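Participant: Take this structure, written in structure tokens, and hold onto it; I'll ask about it next.
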Amino acid sequence: MKPAPFDYVRPGSVEEACRILAEAGGGATVIAGGQTLMPLLNLRMSQPFVLVDIGGIGELQGISAVSGGVRIGPMTRQADALEDALLAARLPALVRALGHVGHYQTRNRGTLGGSIALGEPAAEMPATAVAMGATMEIASVRGTRQVAAADFYIGPYMTVLEPDELLIGVTYPDLPEGHLVLFRELAQRAGDFALVGMVGTAVLEGGVVARAGLAWFGMGPTPIRMSQAEAALSGRAPTDIDADALAVLAVADTAPFDDHHASAEYRRTVGRRIFARTLREAFDLREAA
């Protein structure tokens, strides 16, 4: 099939893009890398009146250190982010998760912002933003606002972005050097969306877990923060961690579903197992006899 007819515009600035979105009255769709949108257009599952290509807006690209964190422009290509020295040093959890996004070919076109704004429940980047406490910077003709990643997702492929708004930046807060990275996913094939996945970080100070940020993907309608497991880990020495008990708490926060790939019960079972295994590896724990 071919896409339904639409007008194509390529603004040169954020201000111009926001103006076009506002004037479209909800009939516009933004295209970044297009790895998901183009198939939807061809299948006519998405039929915008106006396609707004933000690929020519230079200020939406790039990675930079900012006060208290690292800011990534939404048009930054996934392949470029994987090779970035600043991200490797400051956000190793993001780089680890990013290596599982799609395939080599799609990462050359796919963007960080496109993946985050799409809100695919089984994707790595939305969950990583939630786990790491990222902040979304959003612009419109009305001005700019900031939204915590934990509040950004409200349903499958649904975010708080209004039709006239544009994601213009994502800022990830700094973590101490040497923090632990926790990541694991199970997919039918490399590059597929995960059946079950987890991502997060943990900071050790004074021999105990000072704080942890953990999130599931593929375990509900949105990325899901593991609030109970985070609270249970806080203040605990590694030798006092019961990985299996924490896995039960972590899965208790989820809302998995049945589909043609796996059942909800399968996802819960696998979730408990990969959480416990990942925790043991991160903290160098022995499995209970």
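Chains: A, B, ... in order of the structure tokens. Residues: from 1 per chain. Ligands: from 1, in order shown.
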Taking 4 positions as the minimum chain separation for residues in the same chain, which residues sit within 12 Å of Arg273 in chain A when counting only C-alpha atoms? Answer as number ranges by chain.
Facilitator: A: 184-186, 196-198, 243-248, 250-251, 266-269, 277-280, 287
Participant: Which residues are near Thr254 in chain A? Cut-off 9 Å, only C-alpha atoms, ignore same chain within fewer than 6 positions. Put them as a list of chain:residue names.
Facilitator: A:Trp216, A:Met219, A:Gly220, A:Ile224, A:Arg225, A:Met226, A:Arg268
Participant: Could you please take those selected residues and save C-alpha atoms as an mmCIF file, in the first residue's frame?
Facilitator:
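Written file, result.cif:
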```cif
data_model
loop_
_atom_site.group_PDB
_atom_site.id
_atom_site.type_symbol
_atom_site.label_atom_id
_atom_site.label_comp_id
_atom_site.auth_asym_id
_atom_site.auth_seq_id
_atom_site.Cartn_x
_atom_site.Cartn_y
_atom_site.Cartn_z
ATOM 1 C CA TRP A 216 10.322 -2.799 33.388
ATOM 2 C CA MET A 219 5.406 -5.774 31.386
ATOM 3 C CA GLY A 220 2.400 -3.492 30.994
ATOM 4 C CA ILE A 224 6.770 0.563 34.789
ATOM 5 C CA ARG A 225 8.947 1.756 37.661
ATOM 6 C CA MET A 226 9.777 -0.925 40.241
ATOM 7 C CA ARG A 268 5.541 -12.606 35.343
#
```
Participant: What does the structure give for the distance between CA of Arg71 in chain A and CA of Glu59 in chain A, in Å to one decimal?
Facilitator: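 So the answer is 11.9 Å.
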Participant: So which one's closest to Phe257 in chain A, A:Met136, A:Leu195, A:Leu166, A:Leu87? Using only C-alpha atoms, please.
Facilitator: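 Of A:Met136, A:Leu195, A:Leu166, A:Leu87, the one nearest Phe257 in chain A is A:Leu195, counting only C-alpha atoms.
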Participant: In terms of the shortest atom-to-atom distance over only C-alpha atoms, which of A:Ala117, A:Ala79, A:Ala215, A:Val101 is closest to Arg189 in chain A?
Facilitator: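 Among the listed residues, the smallest separation from Arg189 in chain A belongs to A:Val101.
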Participant: Residues of range 124-154 of chain A that approach range 7-23 of chain A to 9 Å or less, counting only C-alpha atoms: could you list each one with the shortest pair of atoms and its distance in Å to one decimal, rows by chain and increasing residue number, as JSON lines?
Facilitator:
```
{"residue": "A:Ala139", "atom": "CA", "partner": "A:Cys18", "partner_atom": "CA", "distance": 7.2}
{"residue": "A:Ser140", "atom": "CA", "partner": "A:Cys18", "partner_atom": "CA", "distance": 5.1}
{"residue": "A:Val141", "atom": "CA", "partner": "A:Cys18", "partner_atom": "CA", "distance": 5.7}
```
Participant: Just want the 10 Å neighbourhood of Ser67 in chain A, counted on only C-alpha atoms, with same-chain residues fewer than 6 positions away dropped. Output as a ChimeraX atom specification.
Facilitator: /A:171,173-174
Participant: Pick out the closest residue to Asp80 in chain A from this set: A:Gly133, A:Gly169, A:Gly206, A:Gly110. Count only C-alpha atoms.
Facilitator: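 Of the candidates, the smallest distance to Asp80 in chain A is held by A:Gly110.
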Participant: May I have all residues of range 88-154 of chain A that DSSP, computed from the backbone, assigns to strand (DSSP E or B), given as a PyMOL selection string?
Facilitator: chain A and resi 111+135-140+143-148+153-154
Participant: Distance CA of Leu167 in chain A-CA of Thr201 in chain A, one decimal place?
Facilitator: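 Straight-line distance from CA of Leu167 in chain A to CA of Thr201 in chain A works out to 24.7 Å.
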Participant: Applying 10 Å and only C-alpha atoms, which residues near Gln61 in chain A remain after dropping the ones on its own chain fewer than 6 positions away? List them as a list in words.
Facilitator: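 In the requested format, the answer is Gly55, Ile72, Gly73, Pro74, Met75, Thr76, Arg77, Thr111, Leu112, Gly113, Ile168 and Gly169 of chain A.
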Participant: Mind checking DSSP for range 104-282 of chain A and telling me the alpha helix (DSSP H) residues as number ranges by chain?
Facilitator: A: 104-107, 112-118, 124-131, 149-152, 227-233, 243-252, 264-282
